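Next comes query-v4.cif, a file with mmCIF, C-alpha atoms.
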data_upload
loop_
_atom_site.group_PDB
_atom_site.id
_atom_site.type_symbol
_atom_site.label_atom_id
_atom_site.label_comp_id
_atom_site.auth_asym_id
_atom_site.auth_seq_id
_atom_site.Cartn_x
_atom_site.Cartn_y
_atom_site.Cartn_z
ATOM 1 C CA MET A 1 -7.967 14.527 -89.098
ATOM 2 C CA ARG A 2 -9.143 17.936 -87.992
ATOM 3 C CA ALA A 3 -12.201 16.361 -86.473
ATOM 4 C CA ASN A 4 -10.026 13.963 -84.447
ATOM 5 C CA LYS A 5 -7.878 16.834 -83.154
ATOM 6 C CA THR A 6 -10.920 18.748 -82.182
ATOM 7 C CA SER A 7 -12.341 15.702 -80.446
ATOM 8 C CA SER A 8 -9.039 15.094 -78.601
ATOM 9 C CA THR A 9 -8.845 18.728 -77.555
ATOM 10 C CA ALA A 10 -12.379 18.668 -76.273
ATOM 11 C CA MET A 11 -11.648 15.622 -74.099
ATOM 12 C CA LYS A 12 -8.703 17.171 -72.209
ATOM 13 C CA PRO A 13 -10.765 19.315 -69.830
ATOM 14 C CA THR A 14 -12.915 16.254 -69.033
ATOM 15 C CA ILE A 15 -9.826 14.179 -68.029
ATOM 16 C CA SER A 16 -8.427 17.047 -65.955
ATOM 17 C CA THR A 17 -11.737 17.479 -64.202
ATOM 18 C CA GLY A 18 -11.888 13.740 -63.491
ATOM 19 C CA MET A 19 -8.403 13.756 -61.927
ATOM 20 C CA THR A 20 -9.393 16.678 -59.710
ATOM 21 C CA ASP A 21 -12.454 14.795 -58.543
ATOM 22 C CA CYS A 22 -10.321 11.718 -57.760
ATOM 23 C CA ARG A 23 -7.943 13.807 -55.677
ATOM 24 C CA ASP A 24 -10.831 15.326 -53.745
ATOM 25 C CA ILE A 25 -12.278 11.891 -53.068
ATOM 26 C CA THR A 26 -8.876 10.609 -51.963
ATOM 27 C CA LYS A 27 -8.470 13.499 -49.542
ATOM 28 C CA LYS A 28 -11.928 12.886 -48.122
ATOM 29 C CA ILE A 29 -11.149 9.188 -47.631
ATOM 30 C CA GLN A 30 -7.861 9.986 -45.934
ATOM 31 C CA LYS A 31 -9.617 12.491 -43.669
ATOM 32 C CA LYS A 32 -12.230 9.902 -42.735
ATOM 33 C CA ILE A 33 -9.518 7.340 -42.025
ATOM 34 C CA THR A 34 -7.615 9.838 -39.840
ATOM 35 C CA THR A 35 -10.774 10.803 -37.958
ATOM 36 C CA LYS A 36 -11.682 7.166 -37.441
ATOM 37 C CA THR A 37 -8.176 6.390 -36.235
ATOM 38 C CA ILE A 38 -8.321 9.191 -33.672
ATOM 39 C CA LYS A 39 -11.795 8.203 -32.488
ATOM 40 C CA SER A 40 -10.860 4.537 -32.137
ATOM 41 C CA GLY A 41 -7.829 5.413 -29.979
ATOM 42 C CA ASN A 42 -5.252 4.021 -32.412
ATOM 43 C CA ASP A 43 -2.816 6.769 -31.480
ATOM 44 C CA SER A 44 -2.951 5.681 -27.831
ATOM 45 C CA PRO A 45 -0.238 3.500 -26.211
ATOM 46 C CA ILE A 46 -0.085 -0.010 -27.625
ATOM 47 C CA PHE A 47 -0.423 -1.545 -24.166
ATOM 48 C CA LEU A 48 -3.797 0.143 -23.615
ATOM 49 C CA ARG A 49 -5.084 -0.866 -27.053
ATOM 50 C CA LYS A 50 -4.061 -4.465 -26.526
ATOM 51 C CA THR A 51 -5.566 -4.568 -23.049
ATOM 52 C CA TYR A 52 -8.812 -3.028 -24.311
ATOM 53 C CA HIS A 53 -9.092 -5.604 -27.094
ATOM 54 C CA MET A 54 -7.969 -8.432 -24.804
ATOM 55 C CA ILE A 55 -10.706 -7.788 -22.232
ATOM 56 C CA GLY A 56 -13.342 -7.383 -24.932
ATOM 57 C CA SER A 57 -12.446 -10.626 -26.684
ATOM 58 C CA CYS A 58 -11.677 -12.759 -23.618
ATOM 59 C CA ALA A 59 -13.993 -15.505 -22.388
ATOM 60 C CA PRO A 60 -16.274 -14.028 -19.666
ATOM 61 C CA GLU A 61 -15.414 -16.771 -17.188
ATOM 62 C CA ILE A 62 -11.725 -15.743 -17.381
ATOM 63 C CA ALA A 63 -11.897 -11.933 -17.687
ATOM 64 C CA THR A 64 -14.652 -9.522 -18.599
ATOM 65 C CA TRP A 65 -16.049 -6.011 -18.343
ATOM 66 C CA SER A 66 -18.291 -5.135 -15.426
ATOM 67 C CA VAL A 67 -22.011 -4.669 -16.019
ATOM 68 C CA ASP A 68 -21.719 -0.883 -16.279
ATOM 69 C CA GLY A 69 -18.495 -1.094 -18.327
ATOM 70 C CA GLY A 70 -16.587 1.140 -15.920
ATOM 71 C CA THR A 71 -14.231 -1.585 -14.692
ATOM 72 C CA PHE A 72 -12.895 -4.935 -15.829
ATOM 73 C CA VAL A 73 -12.413 -8.095 -13.788
ATOM 74 C CA VAL A 74 -9.871 -10.890 -14.100
ATOM 75 C CA LYS A 75 -11.682 -13.861 -12.578
ATOM 76 C CA GLN A 76 -9.055 -16.548 -13.144
ATOM 77 C CA PRO A 77 -5.602 -14.938 -12.854
ATOM 78 C CA GLU A 78 -3.675 -18.183 -13.426
ATOM 79 C CA VAL A 79 -5.569 -19.085 -16.604
ATOM 80 C CA PHE A 80 -5.396 -15.447 -17.734
ATOM 81 C CA GLU A 81 -1.638 -15.473 -17.195
ATOM 82 C CA LYS A 82 -0.951 -18.734 -19.035
ATOM 83 C CA THR A 83 -3.378 -18.574 -21.948
ATOM 84 C CA ILE A 84 -4.548 -14.985 -22.561
ATOM 85 C CA ILE A 85 -1.567 -12.716 -21.862
ATOM 86 C CA PRO A 86 0.847 -14.570 -24.232
ATOM 87 C CA GLN A 87 -1.587 -13.964 -27.098
ATOM 88 C CA PHE A 88 -1.103 -10.198 -26.814
ATOM 89 C CA PHE A 89 2.246 -9.643 -25.091
ATOM 90 C CA LYS A 90 5.758 -11.075 -25.196
ATOM 91 C CA HIS A 91 5.533 -12.364 -21.647
ATOM 92 C CA SER A 92 3.194 -14.496 -19.555
ATOM 93 C CA LYS A 93 3.408 -12.856 -16.141
ATOM 94 C CA PHE A 94 0.299 -11.512 -14.486
ATOM 95 C CA SER A 95 2.436 -9.472 -12.086
ATOM 96 C CA SER A 96 4.049 -7.622 -15.020
ATOM 97 C CA PHE A 97 0.622 -6.937 -16.494
ATOM 98 C CA VAL A 98 -0.583 -5.494 -13.177
ATOM 99 C CA ARG A 99 2.579 -3.379 -12.886
ATOM 100 C CA GLN A 100 1.901 -1.853 -16.305
ATOM 101 C CA LEU A 101 -1.664 -1.054 -15.275
ATOM 102 C CA ASN A 102 -0.326 0.734 -12.206
ATOM 103 C CA PHE A 103 2.016 2.783 -14.383
ATOM 104 C CA TYR A 104 -1.022 4.052 -16.320
ATOM 105 C CA GLY A 105 -2.967 4.950 -13.185
ATOM 106 C CA PHE A 106 -5.271 1.949 -12.905
ATOM 107 C CA ARG A 107 -6.506 1.130 -9.395
ATOM 108 C CA LYS A 108 -7.244 -2.286 -7.951
ATOM 109 C CA ILE A 109 -10.570 -2.131 -6.144
ATOM 110 C CA LYS A 110 -12.826 -4.537 -4.266
ATOM 111 C CA TYR A 111 -15.044 -6.707 -6.428
ATOM 112 C CA SER A 112 -18.125 -5.814 -4.410
ATOM 113 C CA ASP A 113 -18.824 -2.335 -3.049
ATOM 114 C CA THR A 114 -21.861 -3.354 -1.022
ATOM 115 C CA ILE A 115 -22.036 -2.261 2.602
ATOM 116 C CA ILE A 116 -23.581 -5.530 3.765
ATOM 117 C CA ILE A 117 -21.009 -8.301 4.238
ATOM 118 C CA ASP A 118 -21.752 -11.281 2.011
ATOM 119 C CA THR A 119 -19.465 -14.131 3.066
ATOM 120 C CA LYS A 120 -20.587 -16.344 0.193
ATOM 121 C CA LEU A 121 -19.836 -13.649 -2.403
ATOM 122 C CA GLU A 122 -16.481 -12.875 -0.782
ATOM 123 C CA ALA A 123 -15.529 -16.557 -0.919
ATOM 124 C CA GLU A 124 -16.540 -16.843 -4.578
ATOM 125 C CA THR A 125 -14.667 -13.669 -5.595
ATOM 126 C CA ALA A 126 -11.599 -14.100 -3.367
ATOM 127 C CA ASP A 127 -9.294 -14.588 -6.386
ATOM 128 C CA PHE A 128 -10.879 -11.875 -8.538
ATOM 129 C CA TRP A 129 -8.828 -8.841 -9.600
ATOM 130 C CA ARG A 130 -10.903 -5.776 -10.448
ATOM 131 C CA PHE A 131 -9.309 -2.723 -12.081
ATOM 132 C CA LYS A 132 -10.620 0.781 -12.748
ATOM 133 C CA HIS A 133 -9.559 3.846 -14.679
ATOM 134 C CA ASP A 134 -11.837 6.797 -15.376
ATOM 135 C CA LYS A 135 -10.811 6.808 -19.055
ATOM 136 C CA PHE A 136 -10.825 3.029 -19.607
ATOM 137 C CA ILE A 137 -14.511 2.393 -20.387
ATOM 138 C CA ARG A 138 -16.234 -0.222 -22.496
ATOM 139 C CA GLY A 139 -17.472 1.173 -25.808
ATOM 140 C CA LYS A 140 -15.339 4.333 -25.581
ATOM 141 C CA PRO A 141 -11.928 3.487 -27.076
ATOM 142 C CA GLU A 142 -11.417 7.138 -28.054
ATOM 143 C CA LEU A 143 -10.776 7.923 -24.378
ATOM 144 C CA LEU A 144 -7.624 5.787 -24.416
ATOM 145 C CA THR A 145 -5.696 8.697 -25.903
ATOM 146 C CA GLU A 146 -6.296 10.656 -22.683
ATOM 147 C CA ILE A 147 -4.602 8.065 -20.489
ATOM 148 C CA ARG A 148 -1.003 8.979 -19.724
ATOM 149 C CA ARG A 149 1.754 6.841 -18.316
ATOM 150 C CA HIS A 150 3.104 8.049 -14.991
ATOM 151 C CA ASN A 151 6.543 9.630 -15.134
ATOM 152 C CA SER A 152 8.894 6.907 -13.945
ATOM 153 C CA GLN A 153 11.675 9.444 -13.466
ATOM 154 C CA SER A 154 9.674 11.424 -10.930
ATOM 155 C CA SER A 155 8.853 8.187 -9.111
ATOM 156 C CA THR A 156 12.539 7.301 -9.026
ATOM 157 C CA GLU A 157 13.451 10.726 -7.662
ATOM 158 C CA LYS A 158 10.757 10.385 -5.014
ATOM 159 C CA ASP A 159 12.180 6.993 -4.018
ATOM 160 C CA LYS A 160 15.655 8.523 -3.722
ATOM 161 C CA MET A 161 14.341 11.328 -1.543
ATOM 162 C CA ASP A 162 12.600 8.795 0.669
ATOM 163 C CA GLU A 163 15.859 6.833 0.958
ATOM 164 C CA LYS A 164 17.704 9.986 2.031
ATOM 165 C CA LYS A 165 15.059 10.797 4.635
ATOM 166 C CA GLN A 166 15.027 7.246 5.993
ATOM 167 C CA PRO A 167 18.229 7.583 8.133
ATOM 168 C CA GLU A 168 16.909 10.845 9.598
ATOM 169 C CA LYS A 169 13.657 9.129 10.532
ATOM 170 C CA GLU A 170 15.575 6.269 12.151
ATOM 171 C CA ILE A 171 17.754 8.685 14.159
ATOM 172 C CA THR A 172 14.679 10.587 15.355
ATOM 173 C CA SER A 173 13.036 7.326 16.350
ATOM 174 C CA LEU A 174 16.134 6.193 18.270
ATOM 175 C CA LYS A 175 16.348 9.532 20.106
ATOM 176 C CA SER A 176 12.728 9.199 21.115
ATOM 177 C CA GLU A 177 13.334 5.671 22.437
ATOM 178 C CA VAL A 178 16.391 6.865 24.420
ATOM 179 C CA ASP A 179 14.346 9.664 26.005
ATOM 180 C CA ILE A 180 11.665 7.191 27.008
ATOM 181 C CA LEU A 181 14.281 4.879 28.570
ATOM 182 C CA LYS A 182 15.795 7.816 30.489
ATOM 183 C CA ASP A 183 12.398 8.699 31.925
ATOM 184 C CA GLN A 184 11.817 5.090 32.937
ATOM 185 C CA ILE A 185 15.231 4.891 34.649
ATOM 186 C CA ALA A 186 14.552 8.152 36.507
ATOM 187 C CA ASP A 187 11.218 6.802 37.755
ATOM 188 C CA MET A 188 12.840 3.539 38.881
ATOM 189 C CA THR A 189 15.607 5.421 40.747
ATOM 190 C CA LYS A 190 13.022 7.573 42.503
ATOM 191 C CA ASN A 191 11.063 4.483 43.569
ATOM 192 C CA ILE A 192 14.220 2.820 44.920
ATOM 193 C CA ASP A 193 15.094 5.939 46.944
ATOM 194 C CA ASN A 194 11.603 6.039 48.416
ATOM 195 C CA LEU A 195 11.801 2.358 49.377
ATOM 196 C CA THR A 196 15.208 2.892 51.009
ATOM 197 C CA VAL A 197 13.917 5.769 53.170
ATOM 198 C CA LEU A 198 10.880 3.721 54.148
ATOM 199 C CA VAL A 199 13.008 0.762 55.268
ATOM 200 C CA GLN A 200 15.292 3.051 57.292
ATOM 201 C CA ASN A 201 12.332 4.648 59.052
ATOM 202 C CA ILE A 202 10.896 1.252 59.949
ATOM 203 C CA THR A 203 14.253 0.085 61.350
ATOM 204 C CA VAL A 204 14.762 3.215 63.517
ATOM 205 C CA ASN A 205 11.248 3.270 64.933
ATOM 206 C CA GLU A 206 11.031 -0.459 65.667
ATOM 207 C CA PRO A 207 10.337 -1.100 69.494
ATOM 208 C CA GLU A 208 13.067 -2.783 71.527
ATOM 209 C CA SER A 209 10.599 -5.387 72.776
ATOM 210 C CA GLN A 210 10.358 -6.683 69.263
ATOM 211 C CA VAL A 211 14.104 -7.323 69.152
ATOM 212 C CA ILE A 212 14.739 -11.057 69.280
ATOM 213 C CA LYS A 213 17.373 -12.002 71.948
ATOM 214 C CA SER A 214 19.587 -15.027 71.956
ATOM 215 C CA PRO A 215 19.267 -17.672 74.758
ATOM 216 C CA THR A 216 22.540 -16.443 76.334
ATOM 217 C CA ASP A 217 21.231 -12.871 76.568
ATOM 218 C CA VAL A 218 18.045 -14.136 78.182
ATOM 219 C CA ALA A 219 20.007 -16.176 80.765
ATOM 220 C CA MET A 220 22.218 -13.237 81.668
ATOM 221 C CA ASP A 221 19.220 -10.978 82.120
ATOM 222 C CA ASN A 222 17.624 -13.523 84.476
ATOM 223 C CA PHE A 223 20.868 -13.914 86.477
ATOM 224 C CA PHE A 224 21.246 -10.195 87.093
ATOM 225 C CA SER A 225 17.583 -9.897 87.963
ATOM 226 C CA VAL A 226 17.867 -12.590 90.676
ATOM 227 C CA GLY A 227 21.030 -11.026 92.064
ATOM 228 C CA ASN A 228 19.411 -7.670 92.483
ATOM 229 C CA LYS A 229 16.536 -9.211 94.407
ATOM 230 C CA ARG A 230 18.916 -10.969 96.874
ATOM 231 C CA LYS A 231 20.786 -7.745 97.529
ATOM 232 C CA LYS A 232 17.593 -6.057 98.504
ATOM 233 C CA LEU A 233 16.740 -8.878 100.959
ATOM 234 C CA VAL A 234 20.202 -8.946 102.630
ATOM 235 C CA GLN A 235 20.380 -5.198 103.352
ATOM 236 C CA PRO A 236 20.327 -4.563 107.250
ATOM 237 C CA GLU A 237 17.563 -2.670 108.847
ATOM 238 C CA SER A 238 18.334 0.925 109.657
ATOM 239 C CA VAL A 239 18.737 1.906 113.408
#

I need this file expressed as structure tokens, please.
Amino acid sequence: MRANKTSSTAMKPTISTGMTDCRDITKKIQKKITTKTIKSGNDSPIFLRKTYHMIGSCAPEIATWSVDGGTFVVKQPEVFEKTIIPQFFKHSKFSSFVRQLNFYGFRKIKYSDTIIIDTKLEAETADFWRFKHDKFIRGKPELLTEIRRHNSQSSTEKDKMDEKKQPEKEITSLKSEVDILKDQIADMTKNIDNLTVLVQNITVNEPESQVIKSPTDVAMDNFFSVGNKRKKLVQPESV
């Protein structure tokens, strides 16, 4: 019996030491899991995580990463909307998906950045949608945590300020149009006055010979002219 007690007593430190080791291992595992979670971007917004996974797992002919991994392209928006989006989100609207991207600062850019115009390439990529964000890069999911959603409240306040300024802009524009019309009317009035003076000067300075007489006036002038000639002939000679 004494031997058993001694044996039992000797085992206690071993069990305690084993439990301590288990706790240390557990802590290490938890730390690794936490580190891995942070690195993989699991604490980033769910929309970004889903989009990242969606682009990576999508068929290349529908949507894919660019060659350098700095952008992603949706090549068939209609197919993407009907078959891909519903697998990850509770809606099937491409426009809603694009709106969410805009909220997170994504930019829609041209598919080709080449300087030379390639009509064939433009025709083939006319329906392509290419998006870019400096922190949304293939193979770097840890950067997703650095992407922040734009403050919708500040956008709303900005919209309200723009609405308040809109009437002022319209009033300023109307005043400018009225001033322009006034200037045009003043110029027209000046031109009319000049034309009036010109017509008056022409009328005053017009020669009498250019005045057109009626047949009666012509006959009367001839009658008096003949009469004056006869008077001159009838006058007696002076003594």

CA of Phe128 in chain A to CA of Pro45 in chain A measures 25.7 Å

Checklist entry - Any idea what the distance is between CA of Ile85 in chain A and CA of Arg130 in chain A? => result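 One can read the CA of Ile85 in chain A to CA of Arg130 in chain A distance as 16.3 Å.
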
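Of the listed residues (A:Asp183, A:Glu177, A:Glu61, A:Asp193), A:Glu61 comes nearest to Phe80 in chain A; the distances count all atoms listed in the file.
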
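Distance annotation: of A:Ile192, A:Leu144, A:Ile171, A:Val197, the residue with the minimal separation from Arg49 in chain A is A:Leu144; atom set is only C-alpha atoms.
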
task = State, in Å with one decimal place, the distance from CA of Glu122 in chain A to CA of Lys108 in chain A.
result =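 Between these atoms lies a distance of 15.8 Å.
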
Handout entry: Contact residues around Trp129 in chain A with all atoms listed in the file at 7 Å, ignoring same-chain residues under 4 positions, as number ranges by chain
Key = A: 73-75, 108

Within-8 Å shell of (-11.5, 6.2, -17.2) in input frame, all atoms listed in the file, as a list in words: Gly70, Lys132, His133, Asp134, Lys135, Phe136, Ile137, Leu143 and Ile147 of chain A

Show me, as lines of an AutoDock Vina configuration file, the centre and edge lengths in Å to one decimal of the axis-aligned box that covers every listed atom of range 94-99 of chain A with 8 Å on each side.
center_x = 1.7
center_y = -7.4
center_z = -14.3
size_x = 20.6
size_y = 24.1
size_z = 20.4

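You can rank A:Arg138, A:Phe131, A:Phe106, A:Ala126 by their closest distance to Val67 in chain A using only C-alpha atoms, and at the top of that list sits A:Arg138.
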